[in-house]
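**Student:** One structure, pasted below without further comment.
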Amino acid sequence: MNKSKFIIIALMSVTLIALELVWTRIFSAEFFYTFAFLTLSLAILGLGLGALALYLFNFLKREKTIGISLSLAGLMTLVGPPLVFKIGLKFSELFNSWAMVGKFTVTLFLLSSTFFFAGIALALLFRKNYRQMPRLYMADLIGAGVGVVVAVWAMNRFGTPAAVFLIAAPILLAALIAAQRRLKVIPVLLIALMIYLLPSAKELLEPERPEIAPVIYKHWDAMAKIKVLDFGTHRGIQIDNVANSPVYPFDGNWDRPDSLRFQFGIAVDYLIKQFDSCTFLSLGAGGGVDVLQALQEGATEVHAVEVNPHINYMMVEGDPSGYLPPSPVADSLKDASTAAETAPLDTVPSEIITLAEYSGHIYKDPRVKVISEDVRTYIKRHRNKFDVIYSLSSNTWSALASGAFALAENYLFTTEAFEDYWRALSDSGFMMMEHQFYMPRLVSETIDALKNMGVENITDHFAVYDLPQMRRNILLLSKRPLDDSLRYHAIFDLTPEAYPYIHLLYPAPDSLKDNLINRIVLNGWEAEANSTAVAISPCTDNRPFIAQMGMWKNFDWNNLQKTLPYEFFGFPLSKIIILIIMLVVIALIVPLNLLPYLMKREKLKAVPWLYFFTIGVAFMVVEIILIQKYTLFVGPSAYSIATILLTLLIASGIGSRFSEKVGDGVAFGMICLWLLLDIFVFGRVTGALSGLTVYPRIFITALLIFPLGFFMGMPFPKGTLKVRELIDWGFAVNGAASVLGSTAIILVALAFGFNIALLVGAVLYLVAFGFISLKSAW
C-alpha cells in the first residue's frame, strides 16, 4: 500500500466532503435548514469518534481494518439516507415526544456511521504513515477540494437524490484498492448495490407529504428542490418545500380589452406610469408575475433577476424532462390560458405544457432581460439605472453555501443592500419591497442606509403600508420626496373603504400612531428593542442574519414543545440548536477524548492535546466565516461553494506539502497577518470590485483566499510529526474541536459579526503557536 495510500485517502475525502454537501442539500429541503444544521453537525462527530476508537482498541490497528472500514463506510453511505426517510422523523415533535427523540438518535447513528468507519480508516493510515503526514494531509485536503466539485456537479447533472448514491463511488473504489484479495468482493457487491439503487433514488429519498396542489414537475439540483404545482387558475413554483412563486397563464397577446387585463394583488402600475419610459427591475423574478405586470403596464425595459438559473431556464426555454406522468382523468389542456381558468384543483395536465409556453413566452419579449445572478452583485453594475425596483417576498433559503454549517445568511436585506438599491435607482426612482415578517428590521435598515448616504429629510423618502388581509407589509422607498399624492396612490387608492385592505403604518394615521413601525421611525429601533417579541436591530453585511429573529426572553419549555422551524415569532431556535450541539461536544465528546488518560499506555501530553484541539476549532472558525463572507462577493450559488471551499482546501493541501520547509513562526504569523488583512483591508477591495462580472469575482476571491489556505494547511502536519503514532488520538481531538468551532463561531457571528469572528480565529492560531513553541511540553 506504499503509493496507493495517497489515492485511498484522496478518494475517501472526495466522498466525505461530498456527503456533507449533498446531505445538507437534501435534508434542508425535506427537514428545513435549521434541523439539517443540527443533524449533520452531530453526525460529523463520527469522524473523530472513529479515530478515538482506533486509539482505544488495539484489534482495529491491523492492516485489513482499512479495507473493511471503508467498505462499511460505503455501505452506510448507501443505506443511511433511505433509512432516515423511512423512520418518519418529525422535527416539529422532537422536543415533546420521546419517540421522536428515539428516532432522532437512530438518525444520528445511521448518518454518523459513515464518518465513524471512515474515521477509523483515515486515522489508521495517518498512524502507520505519520512520517509522510505532509503528503498524506495534502491528499486528504485536495481530495476534499475535488469532492466539492464532484458534489455540485453530481447534483446538477444527475439530480440531488441520485447524487446521494453516486458519491459513494469514490469511497467504494478506495475500499476496493485497500481490501485484501479475498475481501475485494465486498466493495464490488456494494458498487453493484449503488447501481441497483440509482433508478429508485427519487422514490427512496423523498418522504410523502401533503401537497397544496397537484405536483406536475420536479427538479432537484445543487441550488434547490423545485416543484411546479397546478392550482387550476394558475401554476406555482415551489422551492425547497417552503417558498412559492406564482406563474400566470398567458397566451402572449397584449392586444386585449381592459376587462381581460390581469389583476394583481400588489399593483405597481401607478409607479410605472410616473415615467415616460420606465426601466423596471424584478428582484427575485421567480415565476415571472412581476415581469408580466411590468410588461402589461408599459415598462419599456424589464430586468428579471433570479438567483436560481433553473427557474429562468424553465421560464425561457421550458423543460419538459421533469414533468410527471399525466393523470388519467385529466382533460386535455390545449389552450393553456382558457383551461387554467376552468381546471379543477385535483387534475394534472394530460399533455406537457412547459412554463415557458404556459406563461406566453414573456421572457422572450424583446423588452425583457433575463439575468441568472444574485441581485446584489447585479445592481452594483448599474448606477442610477432603474425607475422601479420591485421585490415580492424575495428569499434565499439555500443551505448549500456553508456545507452542514448553514444558518441562512441573506444579503438581500441588509443596510448595505439598501444603500446599493438607492444608488441603482434613477433620480426619481422607486423601490417597492414586500415582506411578511421582516418589515421592522427593513425599516431600521432603510433609516441607517439613508443616513449613511447623507440623504436629507430621511422620513420624506419612504412609506410603509399594511395589507392585513394578505398579511403583508410593503416598504416604498423613493429617490424623490414623497408627497401625499404618491403615498395615497402608489399601490391602491387609500380611501376609507379600502382601509380593511390597505392602510399606512408610516406615516401613520392618528388611530395607528402606536404601531411598531411608526415607533421605530419616530423613536429609533434601540428605544423599541426591549418592547418587541422579535429582534428588530438592523442587519449589516457583517452580520446578515435577517431570519434569526429569536430572542432569549422568549424561551420557555412550553414554546420548545411546539417548535416551528423558523424564528419569525421570536423563539430563539437557532441559538438553542447551536447550544445543543455545543453541549453534546463539551459534555460527551470531549470527556471521551480525555478517557485515554485513564489507561496504561502511551499518551499525548496536555500541550499536544490542547494544540490539536485549538487548531481544530481555529480551522473551522476561519473556514465557516470565509464562506459566509465571500458569498456576498461571489454570489449565493454553486459558484460560491466551488470557489471558496475549493480554493481553501486545495491551497491548504499544497501548504501541507511544504509544511516541513516553513518555520512555525512564519506559518502561524502569516495566518494571523492574512486574517487581519481580511478583516481590515480585503472587504474594501471586494466592495470596490463587486461590480465586476462573475468570473473576475471568482478569480479575485481565489487570489485573496489562496495564501491564507496555504499556511492553514501547515499546523496539523507540524503537530503530527511531533506526536508521531499518537496522531490517531490527536486526530480524534481535532475532529471534536472542529464541530465545536464551526457551531460556536456562529453564536459569535450572530452577536458581533464576521470580522470579530475572524479575529477570534486569529487569536486561536496565536494560542496554538504558543503551544507548539513549548518544545519541552511535547
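Letters A, B, ... mark the chains of the C-alpha cells in the order given; residue numbers begin at 1 per chain; ligand numbers begin at 1, in order shown.
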Give me, as a list of chain:residue names, all polymer residues having an atom no more than 8 Å from Tyr765 of chain A, counting only C-alpha atoms and skipping those fewer than 5 positions away in the same chain.
**Tutor:**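 Surrounding residues, per the criterion: A:Thr614, A:Ile615, A:Ala618, A:Phe668, A:Ile671, A:Cys672.
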**Student:** Name all residues at most 7 Å from Phe165 of chain A (count only C-alpha atoms; drop same-chain ones fewer than 2 positions away) and give them as a ChimeraX atom specification.
**Tutor:** /A:78,162-163,167-168,194,198
**Student:** Go through A:Phe231, A:Phe658, A:Phe413, A:Phe27 one by one, measure the shortest atom-to-atom distance of each to Val247 of chain A using only C-alpha atoms, and give the residue with the smallest value.
**Tutor:** A:Phe231
**Student:** Would you write out, as CSV, a table of all residues in segment 599-646 of chain A that have an atom no more than 12 Å from an atom of segment 723-741 of chain A, listing for each the closest atom pair and the distance in Å to one decimal, considering only C-alpha atoms and ordering rows by chain and rising residue number?
**Tutor:**
residue,atom,partner,partner_atom,distance
A:Arg601,CA,A:Leu726,CA,10.7
A:Glu602,CA,A:Leu726,CA,8.0
A:Lys603,CA,A:Leu726,CA,7.3
A:Leu604,CA,A:Leu726,CA,6.7
A:Lys605,CA,A:Val723,CA,9.1
A:Ala606,CA,A:Gly730,CA,11.1
A:Val607,CA,A:Val723,CA,10.8
A:Pro608,CA,A:Val723,CA,7.5
A:Trp609,CA,A:Gly730,CA,6.5
A:Leu610,CA,A:Val733,CA,8.5
A:Tyr611,CA,A:Asn734,CA,8.8
A:Phe612,CA,A:Asn734,CA,5.2
A:Phe613,CA,A:Asn734,CA,5.0
A:Thr614,CA,A:Ala737,CA,7.2
A:Ile615,CA,A:Asn734,CA,7.2
A:Gly616,CA,A:Ser738,CA,4.6
A:Val617,CA,A:Gly741,CA,4.1
A:Ala618,CA,A:Gly741,CA,6.8
A:Phe619,CA,A:Ser738,CA,7.3
A:Met620,CA,A:Ser738,CA,5.6
A:Val621,CA,A:Gly741,CA,5.6
A:Val622,CA,A:Gly741,CA,9.3
A:Glu623,CA,A:Gly741,CA,10.0
A:Ile624,CA,A:Gly741,CA,9.2
A:Ile625,CA,A:Gly741,CA,10.9
**Student:** Could you pull out the residues in segment 49-143 of chain A that DSSP calls alpha helix (DSSP H) from the backbone, as an MDAnalysis selection string?
**Tutor:** chainID A and resid 49:56 64:87 98:128 133:143
**Student:** Using C-alpha atoms, can you export the residues from the last selection as a CSV table (one decimal), in the first residue's frame?
**Tutor:**
chain,number,residue,atom,x,y,z
A,49,LEU,CA,-15.0,9.1,17.3
A,50,GLY,CA,-13.8,6.6,14.7
A,51,ALA,CA,-10.2,7.9,15.2
A,52,LEU,CA,-10.7,7.6,19.0
A,53,ALA,CA,-11.9,4.1,18.7
A,54,LEU,CA,-8.7,3.2,16.8
A,55,TYR,CA,-6.6,4.5,19.6
A,56,LEU,CA,-8.7,2.7,22.3
A,64,LYS,CA,-7.0,-5.3,6.9
A,65,THR,CA,-9.1,-2.9,9.0
A,66,ILE,CA,-8.7,-0.2,6.4
A,67,GLY,CA,-10.5,-2.1,3.6
A,68,ILE,CA,-13.2,-3.3,6.0
A,69,SER,CA,-13.8,0.1,7.5
A,70,LEU,CA,-14.0,1.7,4.0
A,71,SER,CA,-16.5,-0.9,2.9
A,72,LEU,CA,-18.6,-0.3,5.9
A,73,ALA,CA,-18.5,3.4,5.3
A,74,GLY,CA,-19.6,2.9,1.7
A,75,LEU,CA,-22.4,0.7,2.9
A,76,MET,CA,-23.7,3.3,5.3
A,77,THR,CA,-23.4,6.0,2.7
A,78,LEU,CA,-25.8,3.9,0.5
A,79,VAL,CA,-28.3,2.7,3.1
A,80,GLY,CA,-28.2,5.6,5.7
A,81,PRO,CA,-30.3,8.3,4.0
A,82,PRO,CA,-33.0,6.0,2.7
A,83,LEU,CA,-33.4,4.5,6.2
A,84,VAL,CA,-33.6,8.0,7.7
A,85,PHE,CA,-36.6,8.8,5.4
A,86,LYS,CA,-38.3,5.5,6.4
A,87,ILE,CA,-38.0,6.3,10.1
A,98,TRP,CA,-39.7,10.6,23.5
A,99,ALA,CA,-40.5,8.5,20.4
A,100,MET,CA,-39.1,11.3,18.2
A,101,VAL,CA,-36.0,11.6,20.4
A,102,GLY,CA,-35.5,7.9,19.8
A,103,LYS,CA,-36.0,8.3,16.0
A,104,PHE,CA,-33.5,11.2,16.1
A,105,THR,CA,-31.0,9.1,17.9
A,106,VAL,CA,-31.4,6.4,15.3
A,107,THR,CA,-31.0,9.0,12.5
A,108,LEU,CA,-27.7,10.2,14.1
A,109,PHE,CA,-26.4,6.7,14.3
A,110,LEU,CA,-27.2,6.0,10.7
A,111,LEU,CA,-25.7,9.2,9.4
A,112,SER,CA,-22.6,9.3,11.7
A,113,SER,CA,-21.7,5.6,10.9
A,114,THR,CA,-20.2,6.6,7.5
A,115,PHE,CA,-18.0,9.2,9.2
A,116,PHE,CA,-17.2,6.8,12.1
A,117,PHE,CA,-15.9,4.0,9.8
A,118,ALA,CA,-14.1,6.4,7.6
A,119,GLY,CA,-12.5,8.0,10.7
A,120,ILE,CA,-11.1,4.6,11.7
A,121,ALA,CA,-9.5,4.1,8.2
A,122,LEU,CA,-8.2,7.6,7.9
A,123,ALA,CA,-6.7,7.6,11.5
A,124,LEU,CA,-5.0,4.2,10.8
A,125,LEU,CA,-3.4,5.4,7.6
A,126,PHE,CA,-2.2,8.5,9.5
A,127,ARG,CA,-0.8,6.4,12.3
A,128,LYS,CA,1.0,3.9,10.2
A,133,MET,CA,2.0,13.3,7.0
A,134,PRO,CA,2.7,16.4,4.9
A,135,ARG,CA,1.9,14.4,1.8
A,136,LEU,CA,-0.9,12.4,3.4
A,137,TYR,CA,-2.7,15.5,4.6
A,138,MET,CA,-2.2,17.1,1.2
A,139,ALA,CA,-4.0,14.1,-0.3
A,140,ASP,CA,-6.8,14.4,2.3
A,141,LEU,CA,-7.4,18.1,1.6
A,142,ILE,CA,-7.0,18.0,-2.2
A,143,GLY,CA,-9.4,15.1,-2.2
**Student:** Atom CA of Thr720 of chain A and atom CA of Tyr130 of chain A are how many Å apart?
**Tutor:** 6.7 Å
**Student:** For Val534 of chain A, list every protein, DNA or RNA residue within 12 Å, evaluated using only C-alpha atoms, and leave out those in the same chain fewer than 6 positions away; present the list as a ChimeraX atom specification.
**Tutor:** /A:437-441,516,525,528,546-555,566-572
**Student:** A:Asp374, A:Asp484, A:Asp664, A:Glu497: which is nearest Asn308 of chain A, counting only C-alpha atoms?
**Tutor:**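 When distances to Asn308 of chain A are compared using only C-alpha atoms, the smallest one comes from A:Asp374.
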**Student:** With only C-alpha atoms as the basis for distance, which of A:Trp674, A:Phe633, A:Phe754, A:Tyr421 is at the shortest distance from Phe711 of chain A?
**Tutor:**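 For Phe711 of chain A, the nearest of the candidates is A:Trp674.
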